[in-house]
>>> print(open('start.cif').read())   # mmCIF, C-alpha atoms
data_data
loop_
_atom_site.label_atom_id
_atom_site.label_comp_id
_atom_site.auth_asym_id
_atom_site.auth_seq_id
_atom_site.Cartn_x
_atom_site.Cartn_y
_atom_site.Cartn_z
CA MET C 21 13.60 -16.67 8.09
CA LYS C 22 13.51 -15.84 4.40
CA VAL C 23 11.86 -12.74 2.95
CA ARG C 24 11.76 -11.22 -0.51
CA VAL C 25 12.56 -7.51 -0.76
CA ARG C 26 11.62 -5.41 -3.78
CA HIS C 27 13.32 -2.10 -4.51
CA PHE C 28 12.04 0.88 -6.45
CA ALA C 29 13.26 4.18 -7.85
CA ALA C 30 16.10 5.82 -5.89
CA LEU C 31 16.33 2.86 -3.49
CA ARG C 32 16.58 0.41 -6.40
CA GLU C 33 19.44 2.43 -7.84
CA ARG C 34 21.17 2.67 -4.48
CA ARG C 35 20.86 -1.07 -3.84
CA GLY C 36 21.70 -1.95 -7.43
CA THR C 37 18.92 -4.51 -7.85
CA GLU C 38 15.15 -4.79 -8.22
CA SER C 39 14.74 -7.57 -5.70
CA GLU C 40 16.58 -9.71 -3.18
CA GLU C 41 15.91 -12.90 -1.24
CA LEU C 42 17.23 -12.37 2.29
CA ASP C 43 17.47 -14.46 5.45
CA VAL C 44 16.61 -12.21 8.40
CA PRO C 45 16.28 -12.86 12.17
CA ALA C 46 12.84 -13.82 13.45
CA GLY C 47 10.96 -10.90 14.98
CA VAL C 48 12.62 -8.23 12.89
CA THR C 49 10.28 -5.37 11.91
CA VAL C 50 9.91 -3.86 8.48
CA ALA C 51 11.56 -0.63 9.69
CA ASP C 52 14.46 -2.62 11.21
CA LEU C 53 15.09 -4.21 7.85
CA TYR C 54 14.97 -0.85 6.10
CA ARG C 55 17.55 0.62 8.48
CA SER C 56 19.87 -2.34 8.01
CA LEU C 57 19.71 -2.27 4.20
CA PHE C 58 19.74 1.53 3.87
CA PRO C 59 21.84 3.08 6.64
CA PRO C 60 21.62 6.88 6.77
CA VAL C 61 23.90 8.71 4.34
CA GLY C 62 25.44 11.87 5.79
CA GLY C 63 23.09 11.60 8.76
CA GLN C 64 20.10 11.68 6.40
CA SER C 65 17.59 8.88 5.96
CA LEU C 66 15.02 8.92 3.16
CA ARG C 67 11.48 9.02 4.57
CA VAL C 68 9.78 5.89 3.32
CA MET C 69 6.46 4.11 3.69
CA TYR C 70 6.32 0.35 4.07
CA ALA C 71 4.44 -2.40 2.26
CA VAL C 72 4.30 -6.06 3.28
CA ASN C 73 2.70 -8.61 0.99
CA GLN C 74 1.53 -5.79 -1.29
CA SER C 75 -0.40 -3.94 1.42
CA TRP C 76 0.60 -0.88 3.46
CA ALA C 77 2.19 -1.72 6.80
CA PRO C 78 3.23 0.34 9.86
CA PRO C 79 6.96 0.64 10.68
CA ASP C 80 6.69 -1.80 13.59
CA HIS C 81 5.09 -4.54 11.49
CA PRO C 82 6.92 -7.80 12.32
CA LEU C 83 8.07 -9.79 9.32
CA ALA C 84 7.22 -13.44 8.79
CA GLU C 85 8.67 -16.24 6.69
CA GLY C 86 7.99 -15.72 3.00
CA ASP C 87 6.87 -12.09 3.25
CA GLU C 88 7.28 -9.75 0.30
CA VAL C 89 8.63 -6.45 1.61
CA ALA C 90 8.85 -3.12 -0.22
CA PHE C 91 10.16 0.23 0.93
CA ILE C 92 8.26 3.07 -0.69
CA PRO C 93 10.34 6.22 -1.25
CA PRO C 94 8.61 9.60 -1.73
CA LEU C 95 6.02 9.30 -4.51
CA GLY C 96 6.07 11.08 -7.86
CA GLY C 97 2.97 9.94 -9.72
CA GLY C 98 0.77 12.32 -11.63
CA MET T 5 -11.33 1.19 -15.26
CA VAL T 6 -8.14 1.96 -13.39
CA GLY T 7 -4.64 0.83 -14.26
CA ILE T 8 -1.17 1.40 -15.61
CA THR T 9 0.21 0.96 -19.09
CA PRO T 10 3.46 1.59 -20.98
CA ARG T 11 1.42 2.55 -24.05
CA PRO T 12 0.34 6.09 -24.97
CA LEU T 13 -2.88 6.97 -23.14
CA ASP T 14 -6.09 7.02 -25.17
CA ARG T 15 -8.21 9.86 -23.86
CA ASP T 16 -11.30 8.98 -25.90
CA ALA T 17 -11.25 5.38 -24.69
CA ILE T 18 -10.91 6.44 -21.05
CA GLU T 19 -13.79 8.92 -21.36
CA ALA T 20 -15.91 6.28 -23.04
CA VAL T 21 -15.55 4.04 -19.98
CA VAL T 22 -17.26 6.56 -17.70
CA ALA T 23 -19.83 8.00 -20.10
CA TRP T 24 -23.45 7.18 -19.29
CA THR T 25 -26.77 8.84 -19.96
CA GLY T 26 -27.24 9.89 -16.33
CA ALA T 27 -24.17 12.11 -16.54
CA GLY T 28 -24.63 15.84 -17.00
CA ALA T 29 -20.89 16.44 -17.05
CA ILE T 30 -17.78 14.56 -18.09
CA LEU T 31 -14.55 16.13 -16.84
CA THR T 32 -11.17 14.83 -17.98
CA PHE T 33 -7.88 15.72 -16.32
CA VAL T 34 -4.73 15.15 -18.35
CA GLY T 35 -1.36 15.33 -16.62
CA VAL T 36 1.32 16.16 -19.18
CA ALA T 37 5.10 15.88 -19.26
CA ARG T 38 6.44 19.45 -19.05
CA ASP T 39 9.67 20.71 -20.60
CA THR T 40 11.13 22.54 -17.59
CA PHE T 41 11.52 22.16 -13.83
CA GLU T 42 12.60 25.27 -11.93
CA GLY T 43 14.15 26.69 -15.07
CA ARG T 44 16.05 23.53 -16.00
CA ALA T 45 15.33 21.94 -19.38
CA VAL T 46 13.66 18.52 -19.08
CA LEU T 47 14.04 16.14 -22.03
CA GLY T 48 11.48 13.59 -20.89
CA LEU T 49 10.15 11.62 -17.94
CA GLU T 50 10.58 8.06 -16.81
CA TYR T 51 7.90 6.56 -14.54
CA GLU T 52 8.42 3.51 -12.36
CA VAL T 53 5.57 1.66 -10.64
CA TYR T 54 4.98 -1.03 -8.02
CA PRO T 55 2.11 -2.57 -9.97
CA GLU T 56 0.87 -5.07 -7.38
CA LEU T 57 0.26 -2.23 -4.90
CA ALA T 58 -0.44 0.62 -7.32
CA VAL T 59 -3.40 -0.88 -9.14
CA PRO T 60 -5.29 -1.95 -5.97
CA GLU T 61 -4.62 1.52 -4.50
CA MET T 62 -6.06 3.13 -7.64
CA ALA T 63 -9.10 0.89 -7.36
CA ALA T 64 -9.52 1.89 -3.70
CA ILE T 65 -9.39 5.58 -4.67
CA ARG T 66 -12.03 4.98 -7.35
CA ASP T 67 -14.28 3.19 -4.86
CA GLU T 68 -13.87 6.02 -2.32
CA ILE T 69 -14.78 8.59 -4.99
CA HIS T 70 -17.84 6.60 -6.00
CA ALA T 71 -18.96 6.38 -2.36
CA ARG T 72 -18.37 10.08 -1.65
CA TRP T 73 -20.03 11.41 -4.81
CA PRO T 74 -22.97 9.12 -5.57
CA GLY T 75 -23.61 8.89 -9.28
CA ALA T 76 -20.01 9.74 -10.17
CA ARG T 77 -18.07 7.32 -12.34
CA LEU T 78 -14.30 7.54 -12.42
CA ALA T 79 -11.60 6.05 -14.65
CA MET T 80 -7.90 6.63 -14.04
CA VAL T 81 -4.93 5.38 -16.04
CA HIS T 82 -1.25 6.18 -15.48
CA ARG T 83 1.55 5.72 -17.98
CA THR T 84 4.73 3.81 -17.10
CA GLY T 85 8.23 3.98 -18.52
CA ARG T 86 9.45 6.76 -20.77
CA VAL T 87 7.02 9.62 -21.46
CA GLY T 88 7.97 12.21 -24.04
CA LEU T 89 7.42 15.95 -23.66
CA GLY T 90 3.80 16.93 -24.20
CA GLU T 91 2.56 13.37 -23.81
CA ALA T 92 0.01 12.43 -21.17
CA SER T 93 1.37 10.80 -18.02
CA VAL T 94 -2.02 10.34 -16.37
CA ILE T 95 -5.65 10.71 -17.44
CA ILE T 96 -8.56 10.87 -15.00
CA ALA T 97 -12.09 10.99 -16.40
CA VAL T 98 -15.11 11.61 -14.18
CA ALA T 99 -18.73 11.52 -15.26
CA ALA T 100 -21.26 12.85 -12.79
CA PRO T 101 -24.87 14.01 -12.76
CA HIS T 102 -23.74 17.63 -12.08
CA ARG T 103 -20.56 19.57 -12.80
CA ASP T 104 -19.78 20.42 -9.16
CA GLN T 105 -19.46 16.74 -8.35
CA ALA T 106 -17.27 16.16 -11.38
CA TYR T 107 -14.87 18.99 -10.49
CA GLN T 108 -14.62 17.94 -6.84
CA ALA T 109 -14.20 14.24 -7.59
CA SER T 110 -11.55 14.89 -10.26
CA ARG T 111 -9.47 17.04 -7.90
CA ALA T 112 -9.79 14.54 -5.07
CA ALA T 113 -8.72 11.71 -7.36
CA ILE T 114 -5.51 13.35 -8.64
CA GLU T 115 -4.49 14.47 -5.15
CA ALA T 116 -5.07 10.95 -3.78
CA LEU T 117 -3.10 9.43 -6.64
CA LYS T 118 -0.14 11.72 -5.98
CA ALA T 119 -0.20 10.97 -2.25
CA ARG T 120 -0.97 7.25 -2.18
CA VAL T 121 -0.22 5.37 -5.40
CA PRO T 122 3.31 3.92 -5.55
CA ILE T 123 4.56 5.58 -8.73
CA TRP T 124 7.89 7.38 -9.07
CA LYS T 125 9.02 10.00 -11.60
CA LYS T 126 12.50 10.58 -12.89
CA GLU T 127 13.22 13.77 -14.81
CA LEU T 128 15.73 13.33 -17.60
CA TYR T 129 18.10 16.20 -18.38
CA ARG T 130 20.79 16.60 -21.00
CA ASP T 131 23.42 16.13 -18.28
CA GLY T 132 21.77 13.71 -15.88
CA ALA T 133 18.50 12.74 -14.22
CA SER T 134 16.78 13.03 -10.87
CA TRP T 135 13.89 11.44 -8.98
CA LYS T 136 11.20 14.01 -8.23
CA ALA T 137 8.86 13.70 -5.26
CA ASN T 138 5.39 15.24 -5.26
CA ALA T 139 4.87 18.30 -3.10
CA PRO T 140 2.30 17.90 -0.31
CA ALA T 141 -1.14 18.60 -1.73
CA ALA T 142 -3.07 21.78 -1.23
CA GLU T 143 -6.25 20.67 0.56
CA ALA T 144 -8.86 19.67 -2.00
CA THR T 145 -12.43 19.93 -0.77
#
>>> encode(input="start.cif", output="structure tokens")
Amino acid sequence: MKVRVRHFAALRERRGTESEELDVPAGVTVADLYRSLFPPVGGQSLRVMYAVNQSWAPPDHPLAEGDEVAFIPPLGGG
Amino acid sequence: MVGITPRPLDRDAIEAVVAWTGAGAILTFVGVARDTFEGRAVLGLEYEVYPELAVPEMAAIRDEIHARWPGARLAMVHRTGRVGLGEASVIIAVAAPHRDQAYQASRAAIEALKARVPIWKKELYRDGASWKANAPAAEAT
């Protein structure tokens, strides 16, 4: 099952790219995917919000073929 | 009007969007790039945005403000990319029949933007840079 993942800010720098096309197992949740791409560093995990197809999504949102996924690190607008 | 732009923000143009003859007050908030953070010299800011989520979220905030303060009109524009010291990073203009509504709506709008709109800020120093998260908001009434 293919999904597109977009990265921003500190997560973009950590991953080294703005976006990726990934093949993930069916039934995986958005939080599962976050944990697999961004394992905790020094026991610490960045608190993120989730967006699927450019709308907010809860952590347990199951992904579907073709979804656009984004992990939203702590905001700094203003 | 809500949105994002890499261009310098035009305060007069943003105010003109909300101005109408039923307004007794127009209040404009300008967020500005500051030269220090906790005593450390800041050379400039760099803003990053998720546009496809940020602009609809800004529109939702505007619609909520309009519903909560009838007669209020709100415009909100945020800058993207590099912002020099003293330049505006965000401008929020509110026109309302009375000043109380304008003050309340303006405060609610900036707090909602900081909490909900996917925009990130990097502070640039002489010897590095760091992503800065917004502090949790003091409750705006």
>>> resolve_selection(input="start.cif", expression="the PyMOL selection byres ((chain C) within 10 of (chain T))", output="list in words")
Arg26, His27, Phe28, Ala29, Ala30, Met69, Ala71, Val72, Asn73, Gln74, Ser75, Trp76, Ala90, Ile92, Pro93, Pro94, Leu95, Gly96, Gly97 and Gly98 of chain C
>>> axis_aligned_box(input="start.cif", around="region 22-33 of chain T", padding_each_side="3 Å", output="lines of an AutoDock Vina configuration file")
center_x = -17.6
center_y = 11.5
center_z = -18.2
size_x = 25.4
size_y = 15.9
size_z = 9.8
>>> atom_distance(input="start.cif", atom1="CA of Trp24 (chain T)", atom2="CA of Ala99 (chain T)")
7.6 Å
>>> closest_residue(input="start.cif", among="C:Pro60, C:Arg34, C:Leu42, C:Ala51", to="Asp80 (chain C)", atoms="only C-alpha atoms")
C:Ala51
>>> resolve_selection(input="start.cif", expression="the PyMOL selection byres ((chain C and resi 65) around 12)", output="list in words")
Leu31, Ala51, Tyr54, Arg55, Ser56, Leu57, Phe58, Pro59, Pro60, Val61, Gly62, Gly63, Gln64, Leu66, Arg67, Val68, Pro93 and Pro94 of chain C
>>> resolve_selection(input="start.cif", expression="the PyMOL selection byres ((chain T and resi 75) around 6)", output="PDB file with C-alpha atoms, in the coordinates of the input")
ATOM      1  CA  PRO T  74     -22.970   9.120  -5.570  1.00  0.00           C
ATOM      2  CA  ALA T  76     -20.010   9.740 -10.170  1.00  0.00           C
ATOM      3  CA  ALA T 100     -21.260  12.850 -12.790  1.00  0.00           C
TER       4      ALA T 100
END
>>> residues_around(input="start.cif", residues="Leu31 (chain T)", least_positions_apart="3", cutoff="7 Å", atoms="all atoms listed in the file", output="tab-separated table (two decimals) with C-alpha atoms, in the frame of the given file")
chain	number	residue	atom	x	y	z
T	97	ALA	CA	-12.09	10.99	-16.40
T	98	VAL	CA	-15.11	11.61	-14.18
T	99	ALA	CA	-18.73	11.52	-15.26
T	106	ALA	CA	-17.27	16.16	-11.38
T	107	TYR	CA	-14.87	18.99	-10.49
>>> atom_distance(input="start.cif", atom1="CA of Arg15 (chain T)", atom2="CA of Phe41 (chain T)")
25.3 Å
>>> closest_residue(input="start.cif", among="T:Ala63, T:Leu78, T:Ala113, T:Ile69", to="Ala27 (chain T)", atoms="only C-alpha atoms")
T:Leu78
>>> atom_distance(input="start.cif", atom1="CA of Val25 (chain C)", atom2="CA of Leu53 (chain C)")
9.6 Å
>>> closest_residue(input="start.cif", among="T:Val87, T:Ala71, T:Ala79, T:Leu49", to="Arg11 (chain T)", atoms="all atoms listed in the file")
T:Val87
>>> decode(input="start.cif", residues="region 36-51 of chain C", atoms="N, CA, C and O atoms", output="PDB file, in the first residue's frame")
ATOM      1  N   GLY C  36      15.882  14.430   6.129  1.00  0.00           N
ATOM      2  CA  GLY C  36      16.716  14.804   5.003  1.00  0.00           C
ATOM      3  C   GLY C  36      15.976  14.957   3.692  1.00  0.00           C
ATOM      4  O   GLY C  36      16.600  14.979   2.621  1.00  0.00           O
ATOM      5  N   THR C  37      14.639  15.063   3.756  1.00  0.00           N
ATOM      6  CA  THR C  37      13.861  15.234   2.528  1.00  0.00           C
ATOM      7  C   THR C  37      12.508  15.857   2.846  1.00  0.00           C
ATOM      8  O   THR C  37      12.014  15.744   3.972  1.00  0.00           O
ATOM      9  N   GLU C  38      11.921  16.517   1.837  1.00  0.00           N
ATOM     10  CA  GLU C  38      10.606  17.128   2.028  1.00  0.00           C
ATOM     11  C   GLU C  38       9.468  16.135   1.863  1.00  0.00           C
ATOM     12  O   GLU C  38       8.373  16.340   2.390  1.00  0.00           O
ATOM     13  N   SER C  39       9.701  15.086   1.077  1.00  0.00           N
ATOM     14  CA  SER C  39       8.607  14.127   0.896  1.00  0.00           C
ATOM     15  C   SER C  39       9.160  12.784   0.443  1.00  0.00           C
ATOM     16  O   SER C  39      10.264  12.698  -0.113  1.00  0.00           O
ATOM     17  N   GLU C  40       8.374  11.742   0.720  1.00  0.00           N
ATOM     18  CA  GLU C  40       8.747  10.383   0.360  1.00  0.00           C
ATOM     19  C   GLU C  40       7.510   9.636  -0.122  1.00  0.00           C
ATOM     20  O   GLU C  40       6.401   9.912   0.332  1.00  0.00           O
ATOM     21  N   GLU C  41       7.724   8.710  -1.030  1.00  0.00           N
ATOM     22  CA  GLU C  41       6.665   7.765  -1.421  1.00  0.00           C
ATOM     23  C   GLU C  41       7.031   6.426  -0.794  1.00  0.00           C
ATOM     24  O   GLU C  41       8.093   5.872  -1.098  1.00  0.00           O
ATOM     25  N   LEU C  42       6.190   5.915   0.087  1.00  0.00           N
ATOM     26  CA  LEU C  42       6.525   4.708   0.840  1.00  0.00           C
ATOM     27  C   LEU C  42       5.461   3.636   0.623  1.00  0.00           C
ATOM     28  O   LEU C  42       4.289   3.942   0.431  1.00  0.00           O
ATOM     29  N   ASP C  43       5.912   2.375   0.681  1.00  0.00           N
ATOM     30  CA  ASP C  43       4.997   1.237   0.643  1.00  0.00           C
ATOM     31  C   ASP C  43       4.893   0.698   2.063  1.00  0.00           C
ATOM     32  O   ASP C  43       5.901   0.283   2.633  1.00  0.00           O
ATOM     33  N   VAL C  44       3.702   0.786   2.649  1.00  0.00           N
ATOM     34  CA  VAL C  44       3.523   0.414   4.059  1.00  0.00           C
ATOM     35  C   VAL C  44       2.495  -0.715   4.156  1.00  0.00           C
ATOM     36  O   VAL C  44       1.665  -0.887   3.251  1.00  0.00           O
ATOM     37  N   PRO C  45       2.524  -1.498   5.252  1.00  0.00           N
ATOM     38  CA  PRO C  45       1.556  -2.595   5.401  1.00  0.00           C
ATOM     39  C   PRO C  45       0.136  -2.070   5.537  1.00  0.00           C
ATOM     40  O   PRO C  45      -0.088  -1.023   6.145  1.00  0.00           O
ATOM     41  N   ALA C  46      -0.818  -2.797   4.990  1.00  0.00           N
ATOM     42  CA  ALA C  46      -2.223  -2.427   5.152  1.00  0.00           C
ATOM     43  C   ALA C  46      -2.566  -2.403   6.637  1.00  0.00           C
ATOM     44  O   ALA C  46      -2.049  -3.212   7.416  1.00  0.00           O
ATOM     45  N   GLY C  47      -3.400  -1.454   7.040  1.00  0.00           N
ATOM     46  CA  GLY C  47      -3.873  -1.387   8.415  1.00  0.00           C
ATOM     47  C   GLY C  47      -2.988  -0.581   9.335  1.00  0.00           C
ATOM     48  O   GLY C  47      -3.334  -0.359  10.496  1.00  0.00           O
ATOM     49  N   VAL C  48      -1.849  -0.124   8.837  1.00  0.00           N
ATOM     50  CA  VAL C  48      -0.964   0.658   9.692  1.00  0.00           C
ATOM     51  C   VAL C  48      -1.646   1.993  10.016  1.00  0.00           C
ATOM     52  O   VAL C  48      -2.393   2.545   9.201  1.00  0.00           O
ATOM     53  N   THR C  49      -1.438   2.488  11.251  1.00  0.00           N
ATOM     54  CA  THR C  49      -2.022   3.782  11.618  1.00  0.00           C
ATOM     55  C   THR C  49      -1.008   4.892  11.387  1.00  0.00           C
ATOM     56  O   THR C  49       0.188   4.642  11.233  1.00  0.00           O
ATOM     57  N   VAL C  50      -1.507   6.115  11.420  1.00  0.00           N
ATOM     58  CA  VAL C  50      -0.624   7.254  11.172  1.00  0.00           C
ATOM     59  C   VAL C  50       0.437   7.339  12.270  1.00  0.00           C
ATOM     60  O   VAL C  50       1.602   7.670  12.006  1.00  0.00           O
ATOM     61  N   ALA C  51       0.062   7.012  13.520  1.00  0.00           N
ATOM     62  CA  ALA C  51       1.051   7.051  14.607  1.00  0.00           C
ATOM     63  C   ALA C  51       2.069   5.916  14.467  1.00  0.00           C
ATOM     64  O   ALA C  51       3.253   6.092  14.781  1.00  0.00           O
TER      65      ALA C  51
END
